[in-house]
Structures are given as structure tokens and as C-alpha cells.
Amino acid sequence: MRFDGQAFEARGVRLGGIVPLIDGEPATSQFAFGIERDGERLRLLVRATGLDPARQIDSIGIRFTDVHSVGRYLRHGYQSWDGSFFVEPGTPAGDGPPLKAPTLGYAATALLPKDGDGAVVLGFTRHDRFQSRFRFGGTAEQPTIDIETLWDRVPHDGTVTLEPLVLFAGDAVEESLRDWARIVAAESPLRPRVPERRITGWCSWYNLYAAISEENILEHLEAARTFRDREQVPLDIFLIDDGFTPEMGDWLDVKPQFPRGMQPLLADIRAAGFTPGLWIAPFMVGNRSKLFRDHPDWVVRERETGEPLAQMTFYGEFRWHKRSEEYYILDITHPDAEAYIRRVFRTWAQDWGAGYFKTDFMLFGSEHGPDRAVWHQPGLSRIAIWRKMAALIREEIGDALWLGCGCPLWASVGYVDAVRIGRDIGVTWKGEYSAESLLRDQVTRNHGHNILWQADPDCVLLRSRFHELSDAQIETLARFAAYAGGVLMTSDKLDELSSERGALFAELLRDPVTGCAYPELGKSGGVLRQQVSRADGTSFTHVMNLTAEPQDGLAPFASRVDA
């Protein structure tokens, strides 16, 4: 990477025309630019000085207005569900949710040159203080890139800084992104928690959804125990997902379908040789919950109206499986709200005996800045607030395993053991909840696996009914998820699987896979190659045909293993 005082340049990509930004607009404040060199890497340090300390700052950044020879860029989503994918410059924002726009990315990007291979990586190194983003604008002929840290009106003394940014080039796209992940791990104030072996187990959601009871949980427990013992496979976790609590926020209450409560049921799970797990969405508070009825001051408010900020709504006849029409954000900066959620996790871990926690909808705590959200304690960035929740969860659950779902990918480093890297799996090949998310997001987020956390591609689907996938699609997706080397779980009742599907799941559980690589990351095409590594040092390539036409000697949607 070269910098000539005017522009950065590598692999034919040029980033110049630097314009300082305050709150997204060209700034007149005094800016200081520092460049540090570490071998082939450059570290960009930017600060604005001479600001009025009374001025509230939403963001600080720079804009590259002279961008050349970028063929595609990585639009990196911020949390589990907002997706990561490659985009051509000049692509419009579209009419979807703003936070999923192809023109908005977070944390890092990889710029692929128009000519030649490799990538130029721009990535922030710290993610524990502020959220940092990339805004891609301009046209295909004259693209622009804004690089910003969201300061979130945190008080300052007249100086505001951009989070440190590294710039470097690499010969391979994924390995370059993996280098960035290693930098993030090294500069994290908390050492990343990466489990020594993959997390395996069973989850109630995709087979039972919210229709769970003590009776059918025990039936699935016996099926899982029998399968594990007969096949002699590692199947460690037994997770009771959403559906056992009456409302979001009322986490110490259980539905009548669990007449003994959760402690005896989790004891049964542990007696069967599994680590018992529970699902919770700690930031969520339903408008019909007892928690909100008794403590309306414990939720985040809209700045404009003073009303509770509704992060998620169900106003029509479909109300999910709860009674609430609106879901608010627990104000973790309120001392009493903090004490309550601490008590919940302490009770679940110490009294009920949970040893695995799936925390869901974790994005609730990091979506909004002070321009919209009013928290009990002012002056904190959205990430400082989010990590306040993360810190107390880890304190209360100790060394229990923790999976973050709907979760910020980088602010969670050092707290979670595993992170969901895509949407829910769904039961179709295409669509919002489908194989598309798995095939897209696992590939573009694989560089963080076993460096920042263990990646969770979500449950593998094995049942023969109640989905719209072919046999070839089922097997290809199961192998793809398992060969990623991260979390490997299913939700299907294990004594109802066909002999072929049961044998497939047992085979995948026994295989000592540790991770994989995607040597063609960033390239389009209907054939995907996954280079898989095993703990014994051996490797193989999993080749997948993702189309409805025969390709590379493969039938539609089929896959093969090349030694």
C-alpha cells in the first residue's frame, strides 16, 4: 500500500480526494491526519480539533472523492441478520430497510480491483467504543466512499477522533480479510473467546417453533439421547428455544405448559448427559408484559415524542406467538433495569442450571443513537451501552457457553463464544428466510471464524417433510454448514429421521472439521468451492453446484468431495 500525500494506491485501486467530514458534511474544523506504517500495512489516524466542546457530534470521518479501478466492494452488515455481500460501485440503495442497503457497510470492506486478483482492505481495528461505518456513493464512473465513526454525541473536550483504520492489500480476498480479523483480535481489550472444539447439539426452534411443552421437550430429549448413544457421536447441547416464557421481558415466568418450572426440566436434560441451554432476548420488552406494566420507565424512549421506542411491531392479525403488538428496548443504563436483568441471568445460570445461553435480538441495543433514542444515562455511545449489557451477562453466567444471535459481530468479541452469521435457515432455497442467506453470509463472514468467535451457520435441516427443498439441496446445505467447522446443530426429532439422513448427520458430527476457506471469494458463478480443514491436518474440497442446471460434472444442487 502506497500513500503519496494525496492518495492511497495498491493493486491498481486508488483512493484519493480526501475530504474531512463532521456529521456527514465537509468540515471546516482543523483536521490532523497521521499515517503509521507497519510493513505493507498503513494505519490512518484522524482527529478533528478546535471544536466547541458544547457542540454535539454525531459522526467524524473522511470521504474519498477520487476513487478509481474498484470493480466490486464488500458491503459488510453489522449484525447477524443484515447480510454481507459484494456490490458493484454505483449500485443504488434500493427500497429495502436502510440498514440493509448495499450502499451501507460496517467495520471493514474489501475493494476488489477491476483488473487482476486480490483485494484492498480497509478496516477499523477497535469496536468496543463506537460503531464505525462505510457509505458507498457516487456513480459507477465516479464512486465515493465515506468512512465514519459514529460519535453518538459523547461529550468531548474539543477533539474528536476517528477509530483507527488499517489499509493494506493482499493476494487473496478471504485471507486478507482474515488478516484484518487477526488485527481486531489483537487490539480487542478482551481476548476473543473461541471454544476449543465445535459446539454441537439440538435446538427446539425449527421443529417445534413456539409450540413447546414439557411433554414434547422430553420426547425430543429422549430421541436425542438415543441417537447420540447409538451413533456414538458428540452431541453436547440441548437447547430449549423461544416459547417457554409468556411475554418478552417476563423472563422469570414460564407458561403453564411447563408445570414443574424450568429447574427440574433442565436437571432432566443434564441427567441425560447434555448441557442444558435456554433462549432469551434480554433487550426485548413486550408492551403487554408485566415488566412494562410495572416498570414503564425501564424502556428506551423516542426523543421526538417521549413515547417508548418500538424497535419491532406486529399491528396486524399476525402477532407472532406473544400477545404484544410492540417490542421496546430494555434501558440497561437504568440501575433498576440492570439489577433485574442481572437477576434473570443469575437465576437461569445458578438456580435453574443453564449451561448454554442463546441470546437473541441483540441488535436492539445497538441500532439507535441519541438522535432518536433517549436512555436513562446520557452521554454514552450505542456501543458502550450494548457492551454494558454484554459485560453483565458474562459476569452472571460465568464460563457458560454463549451464542449471540441477531448480534453485533464485532462489539461482541471477548464476550460471546459463538455468533450467528446469517438469517434463520428457513425452508426454501431462495428468499429472506432461506438457503440464500446461509450461502451468502457464511462465505463473506467466514474470515472471523476461530479468530473472533466460533461461527454459527444455524441448524441443519434433516427432516423429510414440511419444507420445499429437494434431497440434493438438503444434503448440499447440511454438508456446507457442517464443513464450515463452526456450530453444528439440528432441530429435527432424531428418531423420525430416515436412515439416510440420520447416517448423514452422524457422519458430519464425527468428522473432525475445524474450518474452511473460500478461495474464490468475491467471484460470481454457480459453482462454489469450500476448502475444508480437519484437526489431523488433512483437507479436502467440497464442490457445490448451486444452480438448477448441471455444472462441473454435478447434477443440479448436488455436491461432491474432492480429496
# chains A, B, ... in the order shown; residues from 1 in each chain; ligands from 1
>>> residues_around(residues="A:Phe130", least_positions_apart="5", cutoff="12 Å", atoms="only C-alpha atoms", output="count of residues only")
32
>>> select_by_dssp(residues="stretch 172-343 of chain A", states="helix (DSSP H, G or I)", output="count of residues only")
64
>>> closest_residue(among="A:Leu252, A:Leu403, A:Leu278, A:Val416", to="A:Arg342", atoms="only C-alpha atoms")
A:Leu252
>>> residues_around(residues="stretch 1-11 of chain A", least_positions_apart="6", cutoff="12 Å", atoms="only C-alpha atoms", output="ChimeraX atom specification")
/A:17-19,33-44,63-71,111-122,166-172
>>> write_last_selection(atoms="N, CA and C atoms", output="tab-separated table (two decimals), in the first residue's frame")
chain	number	residue	atom	x	y	z
A	17	GLY	N	-8.56	12.27	-3.11
A	17	GLY	CA	-9.55	13.32	-2.95
A	17	GLY	C	-10.15	13.33	-1.56
A	18	ILE	N	-9.28	13.34	-0.53
A	18	ILE	CA	-9.73	13.19	0.85
A	18	ILE	C	-10.40	14.47	1.34
A	19	VAL	N	-11.63	14.31	1.82
A	19	VAL	CA	-12.40	15.42	2.37
A	19	VAL	C	-12.78	15.08	3.81
A	33	PHE	N	-4.17	14.47	10.15
A	33	PHE	CA	-4.08	13.14	9.55
A	33	PHE	C	-2.71	12.54	9.87
A	34	GLY	N	-2.71	11.37	10.46
A	34	GLY	CA	-1.46	10.68	10.74
A	34	GLY	C	-1.42	9.35	10.02
A	35	ILE	N	-0.24	9.03	9.48
A	35	ILE	CA	-0.05	7.75	8.78
A	35	ILE	C	1.07	7.00	9.49
A	36	GLU	N	0.78	5.80	9.94
A	36	GLU	CA	1.79	4.92	10.52
A	36	GLU	C	1.96	3.72	9.61
A	37	ARG	N	3.20	3.30	9.40
A	37	ARG	CA	3.46	2.16	8.53
A	37	ARG	C	3.91	0.97	9.37
A	38	ASP	N	3.29	-0.17	9.10
A	38	ASP	CA	3.66	-1.44	9.71
A	38	ASP	C	3.87	-2.44	8.59
A	39	GLY	N	5.10	-2.50	8.07
A	39	GLY	CA	5.36	-3.34	6.91
A	39	GLY	C	4.60	-2.84	5.71
A	40	GLU	N	3.77	-3.70	5.15
A	40	GLU	CA	2.96	-3.32	3.99
A	40	GLU	C	1.63	-2.69	4.38
A	41	ARG	N	1.36	-2.61	5.67
A	41	ARG	CA	0.11	-2.02	6.13
A	41	ARG	C	0.30	-0.56	6.51
A	42	LEU	N	-0.76	0.21	6.27
A	42	LEU	CA	-0.80	1.60	6.73
A	42	LEU	C	-1.92	1.73	7.75
A	43	ARG	N	-1.66	2.55	8.76
A	43	ARG	CA	-2.69	2.85	9.76
A	43	ARG	C	-2.99	4.33	9.68
A	44	LEU	N	-4.26	4.64	9.44
A	44	LEU	CA	-4.70	6.02	9.30
A	44	LEU	C	-5.31	6.49	10.62
A	63	ARG	N	-14.03	11.45	3.47
A	63	ARG	CA	-14.64	10.99	2.22
A	63	ARG	C	-13.56	10.90	1.15
A	64	PHE	N	-13.52	9.77	0.46
A	64	PHE	CA	-12.68	9.65	-0.73
A	64	PHE	C	-13.54	10.03	-1.94
A	65	THR	N	-13.20	11.10	-2.59
A	65	THR	CA	-13.96	11.54	-3.76
A	65	THR	C	-13.30	11.14	-5.07
A	66	ASP	N	-12.05	10.68	-4.98
A	66	ASP	CA	-11.29	10.28	-6.17
A	66	ASP	C	-10.99	8.79	-6.06
A	67	VAL	N	-11.95	7.97	-6.46
A	67	VAL	CA	-11.86	6.52	-6.33
A	67	VAL	C	-11.79	5.91	-7.72
A	68	HIS	N	-10.76	5.11	-7.95
A	68	HIS	CA	-10.56	4.53	-9.28
A	68	HIS	C	-10.31	3.03	-9.20
A	69	SER	N	-10.78	2.33	-10.23
A	69	SER	CA	-10.44	0.93	-10.51
A	69	SER	C	-10.96	-0.04	-9.47
A	70	VAL	N	-12.10	0.29	-8.81
A	70	VAL	CA	-12.76	-0.65	-7.91
A	70	VAL	C	-13.85	-1.37	-8.70
A	71	GLY	N	-13.71	-2.69	-8.85
A	71	GLY	CA	-14.70	-3.47	-9.57
A	71	GLY	C	-15.89	-3.84	-8.72
A	111	LEU	N	-12.06	-4.04	-1.21
A	111	LEU	CA	-12.23	-3.46	-2.54
A	111	LEU	C	-11.53	-4.36	-3.54
A	112	LEU	N	-12.29	-4.89	-4.48
A	112	LEU	CA	-11.73	-5.78	-5.49
A	112	LEU	C	-11.38	-4.98	-6.73
A	113	PRO	N	-10.14	-5.09	-7.20
A	113	PRO	CA	-9.74	-4.29	-8.37
A	113	PRO	C	-10.48	-4.71	-9.63
A	114	LYS	N	-10.69	-3.74	-10.52
A	114	LYS	CA	-11.32	-4.06	-11.80
A	114	LYS	C	-10.48	-5.03	-12.61
A	115	ASP	N	-9.18	-4.87	-12.52
A	115	ASP	CA	-8.26	-5.73	-13.25
A	115	ASP	C	-7.35	-6.45	-12.27
A	116	GLY	N	-7.28	-7.76	-12.37
A	116	GLY	CA	-6.40	-8.53	-11.50
A	116	GLY	C	-7.13	-9.10	-10.31
A	117	ASP	N	-6.38	-9.85	-9.53
A	117	ASP	CA	-6.93	-10.53	-8.37
A	117	ASP	C	-6.57	-9.79	-7.09
A	118	GLY	N	-6.93	-10.43	-5.96
A	118	GLY	CA	-6.60	-9.86	-4.67
A	118	GLY	C	-7.60	-8.83	-4.22
A	119	ALA	N	-7.24	-8.08	-3.18
A	119	ALA	CA	-8.15	-7.10	-2.59
A	119	ALA	C	-7.37	-6.03	-1.86
A	120	VAL	N	-7.99	-4.88	-1.73
A	120	VAL	CA	-7.53	-3.82	-0.84
A	120	VAL	C	-8.51	-3.77	0.32
A	121	VAL	N	-8.00	-3.95	1.53
A	121	VAL	CA	-8.84	-4.00	2.73
A	121	VAL	C	-8.72	-2.69	3.49
A	122	LEU	N	-9.87	-2.13	3.86
A	122	LEU	CA	-9.95	-1.00	4.78
A	122	LEU	C	-10.76	-1.48	5.96
A	166	VAL	N	-6.97	0.55	9.37
A	166	VAL	CA	-5.83	-0.02	8.66
A	166	VAL	C	-6.19	-0.18	7.19
A	167	LEU	N	-5.18	0.02	6.34
A	167	LEU	CA	-5.33	-0.15	4.89
A	167	LEU	C	-4.19	-1.03	4.42
A	168	PHE	N	-4.51	-2.07	3.67
A	168	PHE	CA	-3.47	-2.95	3.13
A	168	PHE	C	-4.04	-3.75	1.97
A	169	ALA	N	-3.15	-4.32	1.21
A	169	ALA	CA	-3.55	-5.13	0.05
A	169	ALA	C	-3.10	-6.57	0.25
A	170	GLY	N	-3.82	-7.49	-0.38
A	170	GLY	CA	-3.45	-8.89	-0.29
A	170	GLY	C	-3.73	-9.62	-1.58
A	171	ASP	N	-3.06	-10.77	-1.74
A	171	ASP	CA	-3.21	-11.55	-2.96
A	171	ASP	C	-4.53	-12.32	-3.02
A	172	ALA	N	-5.10	-12.66	-1.85
A	172	ALA	CA	-6.33	-13.44	-1.80
A	172	ALA	C	-7.35	-12.69	-0.95
>>> residues_around(residues="stretch 313-321 of chain A", least_positions_apart="6", cutoff="12 Å", atoms="only C-alpha atoms", output="list in words")
Tyr209, Ala210, Ala211, Ile212, Asp242, Gly243, Phe244, Thr245, Pro246, Glu247, Met248, Met284, Val285, Gly286, Asn287, Arg288, Tyr327 and Tyr328 of chain A
>>> closest_residue(among="A:Gln473, A:Ser498, A:Thr541, A:Thr444", to="A:Glu175", atoms="only C-alpha atoms")
A:Thr444
>>> atom_distance(atom1="atom CA of A:Gly158", atom2="atom CA of A:Pro53")
4.7 Å
